[in-house]
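Reviewing the structure listed below.
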There are 2 protein chains.
Amino acid sequence: MTNANAFAALADPTRREVFERLASGPLAVGELAHGLPVSRPAVSQHLKVLKEAGLVTDRPEGARRVYQIDPHGLGQIRAWLDQFWDNALSAFAAEVERSVDESDPEKEKP
Amino acid sequence: MTNANAFAALADPTRREVFERLASGPLAVGELAHGLPVSRPAVSQHLKVLKEAGLVTDRPEGARRVYQIDPHGLGQIRAWLDQFWDNALSAFAAEVERSVDESDPEKEKP
DNA sequence: CTCTTTCGTTAGTCACCGCTTACGGTAAGC
DNA sequence: GCTTACCGTAAGCGGTGACTAACGAAAGAG
């Protein structure tokens, strides 16, 4: 359910850029906007989306506001992926084996 | 770089639904569309996006066309997440510790 | 108190995306 | 050869999202 927001949040290139910058350490909004090709309000909106997706956390520090990565959203995406990881690998292996036997379509039943 | 397509592909709810159905096993386009609230061409377009993102593979089977999950795209997303996973956890732990010492803002320098 | 800095929010515009309808193309069955 | 089933693609439309400009609020320095 909630991982929907996380995927949608990381779908935007600018938002991924912001997220990757925060991976290096906590930063304020102005520091993030400085160096990005968009205005500061745009960064603020992106941070709001990332916050609602559980990907970042904000902390007021005087007049400034420091943002930081939150492992919560990251964990949700990982859990969703792991749900298909083993299944996808085994299915892919079966497909490869089937492709090998494509010229020998006899039953593999004992 | 290429993971951008994967995130954008999984950002759409209908596309995630298609992907989750394929996780249970290979299916044709008509079988996928039957049971989804969208038309068959819509499913076909979604499958095209998923294919370009490296998330599914297609194989012609007579007049039908069978789609299947491709672990390639899934692995790219996992790699991208793992790039931040440890960093995010340690940063979060440091933040928690900082929050505990918030009433004792003295330098931790030796 | 005033001025500056920093940030969030709103209004408005513009491009992109997802969906449907309609059409063409290919493989199997009579 | 003709029909039926299955699928991809093009055109068109409505809705959502990303961005900028402008305004307002809060903290700190003078």
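Every chain in the structure tokens takes a letter, A first, then B, and so on in the order presented; its residues are numbered from 1, and the ligands are numbered from 1 following the presented order.
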Can I get the residues of chain B within 7 Å of chain A, each with the closest pair of atoms and their distance in Å to one decimal, using only C-alpha atoms, sorted chain first then ascending number, as JSON lines?
```
{"residue": "B:Ala4", "atom": "CA", "partner": "A:Ala11", "partner_atom": "CA", "distance": 6.9}
{"residue": "B:Phe7", "atom": "CA", "partner": "A:Ala11", "partner_atom": "CA", "distance": 5.0}
{"residue": "B:Ala8", "atom": "CA", "partner": "A:Ala11", "partner_atom": "CA", "distance": 4.5}
{"residue": "B:Leu10", "atom": "CA", "partner": "A:Phe7", "partner_atom": "CA", "distance": 6.5}
{"residue": "B:Ala11", "atom": "CA", "partner": "A:Ala8", "partner_atom": "CA", "distance": 4.5}
{"residue": "B:Ala23", "atom": "CA", "partner": "A:Phe84", "partner_atom": "CA", "distance": 6.5}
{"residue": "B:Ile69", "atom": "CA", "partner": "A:Ala88", "partner_atom": "CA", "distance": 6.1}
{"residue": "B:Asp70", "atom": "CA", "partner": "A:Ala88", "partner_atom": "CA", "distance": 6.8}
{"residue": "B:Pro71", "atom": "CA", "partner": "A:Ala88", "partner_atom": "CA", "distance": 5.8}
{"residue": "B:Phe84", "atom": "CA", "partner": "A:Ala23", "partner_atom": "CA", "distance": 6.4}
{"residue": "B:Asn87", "atom": "CA", "partner": "A:Ala23", "partner_atom": "CA", "distance": 6.9}
{"residue": "B:Ala88", "atom": "CA", "partner": "A:Pro71", "partner_atom": "CA", "distance": 5.7}
{"residue": "B:Leu89", "atom": "CA", "partner": "A:Pro71", "partner_atom": "CA", "distance": 6.1}
{"residue": "B:Phe92", "atom": "CA", "partner": "A:Asp70", "partner_atom": "CA", "distance": 6.8}
```
Please give chain B as a PDB file with C-alpha atoms, in the first residue's frame, after it has been superposed on chain A by least squares over all Cα atoms paired in order.
```
ATOM      1  CA  MET B   1       0.354  -0.397   0.036  1.00  0.00           C
ATOM      2  CA  THR B   2       2.439   2.466   1.273  1.00  0.00           C
ATOM      3  CA  ASN B   3       5.320   1.511  -0.996  1.00  0.00           C
ATOM      4  CA  ALA B   4       3.250   2.990  -3.816  1.00  0.00           C
ATOM      5  CA  ASN B   5       4.215   6.454  -2.643  1.00  0.00           C
ATOM      6  CA  ALA B   6       7.854   5.449  -2.392  1.00  0.00           C
ATOM      7  CA  PHE B   7       8.028   4.211  -5.987  1.00  0.00           C
ATOM      8  CA  ALA B   8       6.185   7.250  -7.302  1.00  0.00           C
ATOM      9  CA  ALA B   9       8.501   9.496  -5.309  1.00  0.00           C
ATOM     10  CA  LEU B  10      11.684   7.948  -6.691  1.00  0.00           C
ATOM     11  CA  ALA B  11      10.297   7.900 -10.222  1.00  0.00           C
ATOM     12  CA  ASP B  12      11.104  11.579 -10.719  1.00  0.00           C
ATOM     13  CA  PRO B  13      14.739  12.320 -11.692  1.00  0.00           C
ATOM     14  CA  THR B  14      14.940  15.548  -9.699  1.00  0.00           C
ATOM     15  CA  ARG B  15      13.642  13.759  -6.627  1.00  0.00           C
ATOM     16  CA  ARG B  16      16.226  11.008  -7.016  1.00  0.00           C
ATOM     17  CA  GLU B  17      18.899  13.698  -7.307  1.00  0.00           C
ATOM     18  CA  VAL B  18      17.704  15.264  -4.044  1.00  0.00           C
ATOM     19  CA  PHE B  19      17.629  11.867  -2.405  1.00  0.00           C
ATOM     20  CA  GLU B  20      21.143  11.006  -3.549  1.00  0.00           C
ATOM     21  CA  ARG B  21      22.458  14.304  -2.226  1.00  0.00           C
ATOM     22  CA  LEU B  22      20.907  13.602   1.141  1.00  0.00           C
ATOM     23  CA  ALA B  23      22.631  10.241   1.153  1.00  0.00           C
ATOM     24  CA  SER B  24      25.927  12.062   1.668  1.00  0.00           C
ATOM     25  CA  GLY B  25      24.589  13.680   4.817  1.00  0.00           C
ATOM     26  CA  PRO B  26      21.880  15.967   6.212  1.00  0.00           C
ATOM     27  CA  LEU B  27      21.296  19.212   4.320  1.00  0.00           C
ATOM     28  CA  ALA B  28      19.041  22.263   4.513  1.00  0.00           C
ATOM     29  CA  VAL B  29      16.614  23.237   1.757  1.00  0.00           C
ATOM     30  CA  GLY B  30      18.711  26.143   0.538  1.00  0.00           C
ATOM     31  CA  GLU B  31      21.833  24.010   0.396  1.00  0.00           C
ATOM     32  CA  LEU B  32      19.958  21.411  -1.621  1.00  0.00           C
ATOM     33  CA  ALA B  33      18.512  23.966  -4.032  1.00  0.00           C
ATOM     34  CA  HIS B  34      21.941  25.566  -4.534  1.00  0.00           C
ATOM     35  CA  GLY B  35      23.433  23.417  -7.279  1.00  0.00           C
ATOM     36  CA  LEU B  36      20.192  22.003  -8.588  1.00  0.00           C
ATOM     37  CA  PRO B  37      18.719  23.298 -11.850  1.00  0.00           C
ATOM     38  CA  VAL B  38      15.364  24.067 -10.200  1.00  0.00           C
ATOM     39  CA  SER B  39      14.182  26.777  -7.843  1.00  0.00           C
ATOM     40  CA  ARG B  40      14.040  26.477  -4.066  1.00  0.00           C
ATOM     41  CA  PRO B  41      10.238  26.094  -3.833  1.00  0.00           C
ATOM     42  CA  ALA B  42      10.468  23.213  -6.276  1.00  0.00           C
ATOM     43  CA  VAL B  43      12.938  21.491  -3.987  1.00  0.00           C
ATOM     44  CA  SER B  44      10.617  22.147  -1.078  1.00  0.00           C
ATOM     45  CA  GLN B  45       7.745  20.456  -2.901  1.00  0.00           C
ATOM     46  CA  HIS B  46       9.923  17.477  -3.754  1.00  0.00           C
ATOM     47  CA  LEU B  47      10.960  17.178  -0.130  1.00  0.00           C
ATOM     48  CA  LYS B  48       7.313  17.137   0.872  1.00  0.00           C
ATOM     49  CA  VAL B  49       6.666  14.205  -1.454  1.00  0.00           C
ATOM     50  CA  LEU B  50       9.730  12.359  -0.194  1.00  0.00           C
ATOM     51  CA  LYS B  51       8.647  12.971   3.384  1.00  0.00           C
ATOM     52  CA  GLU B  52       5.135  11.625   2.777  1.00  0.00           C
ATOM     53  CA  ALA B  53       6.713   8.544   1.192  1.00  0.00           C
ATOM     54  CA  GLY B  54       8.741   7.910   4.344  1.00  0.00           C
ATOM     55  CA  LEU B  55      12.030   8.439   2.542  1.00  0.00           C
ATOM     56  CA  VAL B  56      13.282  11.537   4.395  1.00  0.00           C
ATOM     57  CA  THR B  57      12.866  13.210   7.770  1.00  0.00           C
ATOM     58  CA  ASP B  58      12.893  16.910   8.566  1.00  0.00           C
ATOM     59  CA  ARG B  59      14.083  18.662  11.687  1.00  0.00           C
ATOM     60  CA  PRO B  60      13.800  22.422  12.423  1.00  0.00           C
ATOM     61  CA  GLU B  61      17.118  24.018  13.280  1.00  0.00           C
ATOM     62  CA  GLY B  62      16.496  27.661  14.026  1.00  0.00           C
ATOM     63  CA  ALA B  63      15.209  29.442  10.956  1.00  0.00           C
ATOM     64  CA  ARG B  64      16.556  26.629   8.791  1.00  0.00           C
ATOM     65  CA  ARG B  65      15.143  23.174   8.209  1.00  0.00           C
ATOM     66  CA  VAL B  66      17.433  20.188   7.872  1.00  0.00           C
ATOM     67  CA  TYR B  67      16.408  17.109   5.895  1.00  0.00           C
ATOM     68  CA  GLN B  68      17.856  13.637   6.244  1.00  0.00           C
ATOM     69  CA  ILE B  69      17.324  10.181   4.769  1.00  0.00           C
ATOM     70  CA  ASP B  70      14.837   7.931   6.554  1.00  0.00           C
ATOM     71  CA  PRO B  71      15.565   4.182   6.190  1.00  0.00           C
ATOM     72  CA  HIS B  72      11.884   3.416   6.688  1.00  0.00           C
ATOM     73  CA  GLY B  73      10.788   3.987   3.104  1.00  0.00           C
ATOM     74  CA  LEU B  74      13.905   2.358   1.756  1.00  0.00           C
ATOM     75  CA  GLY B  75      13.133  -0.771   3.757  1.00  0.00           C
ATOM     76  CA  GLN B  76       9.615  -0.995   2.378  1.00  0.00           C
ATOM     77  CA  ILE B  77      10.864  -0.982  -1.192  1.00  0.00           C
ATOM     78  CA  ARG B  78      13.454  -3.602  -0.350  1.00  0.00           C
ATOM     79  CA  ALA B  79      10.798  -5.811   1.227  1.00  0.00           C
ATOM     80  CA  TRP B  80       8.599  -5.468  -1.831  1.00  0.00           C
ATOM     81  CA  LEU B  81      11.465  -6.403  -4.149  1.00  0.00           C
ATOM     82  CA  ASP B  82      12.567  -9.367  -2.044  1.00  0.00           C
ATOM     83  CA  GLN B  83       9.016 -10.672  -2.362  1.00  0.00           C
ATOM     84  CA  PHE B  84       9.698 -11.367  -6.042  1.00  0.00           C
ATOM     85  CA  TRP B  85      13.442 -11.776  -6.085  1.00  0.00           C
ATOM     86  CA  ASP B  86      13.726 -15.523  -5.408  1.00  0.00           C
ATOM     87  CA  ASN B  87      10.604 -16.267  -7.424  1.00  0.00           C
ATOM     88  CA  ALA B  88      11.879 -14.316 -10.411  1.00  0.00           C
ATOM     89  CA  LEU B  89      15.267 -16.018 -10.302  1.00  0.00           C
ATOM     90  CA  SER B  90      13.829 -19.513 -10.182  1.00  0.00           C
ATOM     91  CA  ALA B  91      11.294 -18.718 -12.896  1.00  0.00           C
ATOM     92  CA  PHE B  92      14.042 -17.314 -15.059  1.00  0.00           C
ATOM     93  CA  ALA B  93      16.174 -20.400 -14.532  1.00  0.00           C
ATOM     94  CA  ALA B  94      13.229 -22.588 -15.517  1.00  0.00           C
ATOM     95  CA  GLU B  95      12.741 -20.470 -18.630  1.00  0.00           C
ATOM     96  CA  VAL B  96      16.384 -20.876 -19.606  1.00  0.00           C
ATOM     97  CA  GLU B  97      16.126 -24.638 -19.187  1.00  0.00           C
ATOM     98  CA  ARG B  98      12.923 -24.662 -21.224  1.00  0.00           C
ATOM     99  CA  SER B  99      14.656 -22.677 -23.929  1.00  0.00           C
ATOM    100  CA  VAL B 100      17.428 -25.271 -24.052  1.00  0.00           C
ATOM    101  CA  ASP B 101      14.859 -28.029 -24.539  1.00  0.00           C
ATOM    102  CA  GLU B 102      12.895 -26.043 -27.075  1.00  0.00           C
ATOM    103  CA  SER B 103      13.763 -28.565 -29.771  1.00  0.00           C
ATOM    104  CA  ASP B 104      12.646 -31.438 -27.532  1.00  0.00           C
ATOM    105  CA  PRO B 105       9.140 -30.531 -26.441  1.00  0.00           C
ATOM    106  CA  GLU B 106       8.403 -33.855 -24.725  1.00  0.00           C
ATOM    107  CA  LYS B 107       6.834 -33.956 -21.337  1.00  0.00           C
ATOM    108  CA  GLU B 108       9.162 -33.937 -18.367  1.00  0.00           C
ATOM    109  CA  LYS B 109       6.534 -35.801 -16.330  1.00  0.00           C
ATOM    110  CA  PRO B 110       7.869 -39.036 -14.774  1.00  0.00           C
TER     111      PRO B 110
END
```
Q: Excluding DC3 in chain C and residues on its chain fewer than 4 positions from it, collect all residues at most 12 Å away from it, counting only C-alpha atoms (C1' of nucleotides), and give them as a count of residues only.
A: 3
(Q) Measuring between only C-alpha atoms (C1' of nucleotides), which one of D:DG14, D:DC6, D:DT20, D:DA26 shows the shortest distance to chain B? (A)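 So, comparing all the options, the nearest one is D:DC6.
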Q. What is the C1' of DT9 in chain C-C1' of DG15 in chain D distance in Å, reported with one decimal?
A. 22.8 Å
Q. Quick one, how far is C1' of DA28 in chain C from C1' of DT4 in chain D?
A.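 The value is 8.8 Å.
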Q: Run DSSP on the backbone and give me the residues of range 19-91 of chain A it puts in strand (DSSP E or B), as a ChimeraX atom specification.
A: /A:27-28,34,36,56-61,64-69
Could you make a table, as JSON lines, of the residues of chain C that have an atom within 9 Å of an atom of chain A, each with its nearest atom pair and distance in Å to one decimal, counting only C-alpha atoms (C1' of nucleotides), in chain and number order?
```
{"residue": "C:DT5", "atom": "C1'", "partner": "A:Ala63", "partner_atom": "CA", "distance": 8.0}
{"residue": "C:DT6", "atom": "C1'", "partner": "A:Arg64", "partner_atom": "CA", "distance": 5.6}
{"residue": "C:DC7", "atom": "C1'", "partner": "A:Arg64", "partner_atom": "CA", "distance": 7.0}
{"residue": "C:DG8", "atom": "C1'", "partner": "A:Ser44", "partner_atom": "CA", "distance": 7.5}
```
Q.
Can you work out which residues from chain D touch chain B at a cut-off of 12 Å (counting only C-alpha atoms (C1' of nucleotides)) and hand them back as an MDAnalysis selection string?
A. chainID D and resid 4:10
Suppose we keep N, CA and C atoms (P, O5', C5', C4', C3', O3' and C1' of nucleotides); can you now write the selection as an mmCIF file, in the first residue's frame?
```cif
data_model
loop_
_atom_site.group_PDB
_atom_site.id
_atom_site.type_symbol
_atom_site.label_atom_id
_atom_site.label_comp_id
_atom_site.auth_asym_id
_atom_site.auth_seq_id
_atom_site.Cartn_x
_atom_site.Cartn_y
_atom_site.Cartn_z
ATOM 1 P P DT D 4 -16.151 -15.163 -39.081
ATOM 2 O "O5'" DT D 4 -15.136 -15.523 -37.909
ATOM 3 C "C5'" DT D 4 -14.964 -16.882 -37.504
ATOM 4 C "C4'" DT D 4 -13.761 -17.007 -36.578
ATOM 5 C "C3'" DT D 4 -13.713 -15.982 -35.445
ATOM 6 O "O3'" DT D 4 -13.669 -16.647 -34.187
ATOM 7 C "C1'" DT D 4 -11.611 -16.117 -36.548
ATOM 8 P P DA D 5 -13.722 -15.820 -32.795
ATOM 9 O "O5'" DA D 5 -12.192 -15.802 -32.331
ATOM 10 C "C5'" DA D 5 -11.494 -17.035 -32.228
ATOM 11 C "C4'" DA D 5 -10.019 -16.781 -31.914
ATOM 12 C "C3'" DA D 5 -9.769 -15.784 -30.773
ATOM 13 O "O3'" DA D 5 -8.755 -16.286 -29.917
ATOM 14 C "C1'" DA D 5 -8.608 -15.084 -32.715
ATOM 15 P P DC D 6 -8.484 -15.576 -28.445
ATOM 16 O "O5'" DC D 6 -7.148 -14.749 -28.707
ATOM 17 C "C5'" DC D 6 -5.971 -15.420 -29.142
ATOM 18 C "C4'" DC D 6 -4.927 -14.399 -29.540
ATOM 19 C "C3'" DC D 6 -4.758 -13.239 -28.537
ATOM 20 O "O3'" DC D 6 -3.472 -13.278 -27.961
ATOM 21 C "C1'" DC D 6 -4.811 -12.469 -30.806
ATOM 22 P P DC D 7 -3.061 -12.295 -26.790
ATOM 23 O "O5'" DC D 7 -2.335 -11.118 -27.575
ATOM 24 C "C5'" DC D 7 -1.184 -11.416 -28.355
ATOM 25 C "C4'" DC D 7 -0.843 -10.260 -29.268
ATOM 26 C "C3'" DC D 7 -0.586 -8.931 -28.554
ATOM 27 O "O3'" DC D 7 0.811 -8.688 -28.505
ATOM 28 C "C1'" DC D 7 -1.842 -8.684 -30.592
ATOM 29 P P DG D 8 1.388 -7.392 -27.731
ATOM 30 O "O5'" DG D 8 1.614 -6.313 -28.884
ATOM 31 C "C5'" DG D 8 2.520 -6.603 -29.941
ATOM 32 C "C4'" DG D 8 2.487 -5.500 -30.994
ATOM 33 C "C3'" DG D 8 2.823 -4.101 -30.450
ATOM 34 O "O3'" DG D 8 3.792 -3.474 -31.283
ATOM 35 C "C1'" DG D 8 0.704 -4.085 -31.551
ATOM 36 P P DT D 9 4.343 -2.014 -30.915
ATOM 37 O "O5'" DT D 9 3.397 -1.022 -31.735
ATOM 38 C "C5'" DT D 9 3.187 -1.251 -33.122
ATOM 39 C "C4'" DT D 9 2.289 -0.170 -33.704
ATOM 40 C "C3'" DT D 9 2.558 1.252 -33.191
ATOM 41 O "O3'" DT D 9 2.625 2.144 -34.296
ATOM 42 C "C1'" DT D 9 0.275 0.731 -32.948
ATOM 43 P P DA D 10 3.056 3.681 -34.035
ATOM 44 O "O5'" DA D 10 1.745 4.499 -34.422
ATOM 45 C "C5'" DA D 10 1.068 4.209 -35.651
ATOM 46 C "C4'" DA D 10 -0.159 5.099 -35.808
ATOM 47 C "C3'" DA D 10 0.013 6.543 -35.342
ATOM 48 O "O3'" DA D 10 -0.667 7.429 -36.233
ATOM 49 C "C1'" DA D 10 -1.711 5.507 -34.081
#
```
Q.
Please list as a list of chain:residue names every residue within 12 Å of DT13 in chain C, counting only C-alpha atoms (C1' of nucleotides) and excluding residues in the same chain fewer than 4 positions away.
A.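 The residues satisfying every condition are D:DA18, D:DC19, D:DT20, D:DA21.
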Q.
Can you tell me, as number ranges by chain, which residues in range 4-107 of chain A count as alpha helix (DSSP H) by DSSP?
A. A: 4-11, 13-23, 29-33, 40-52, 71-100
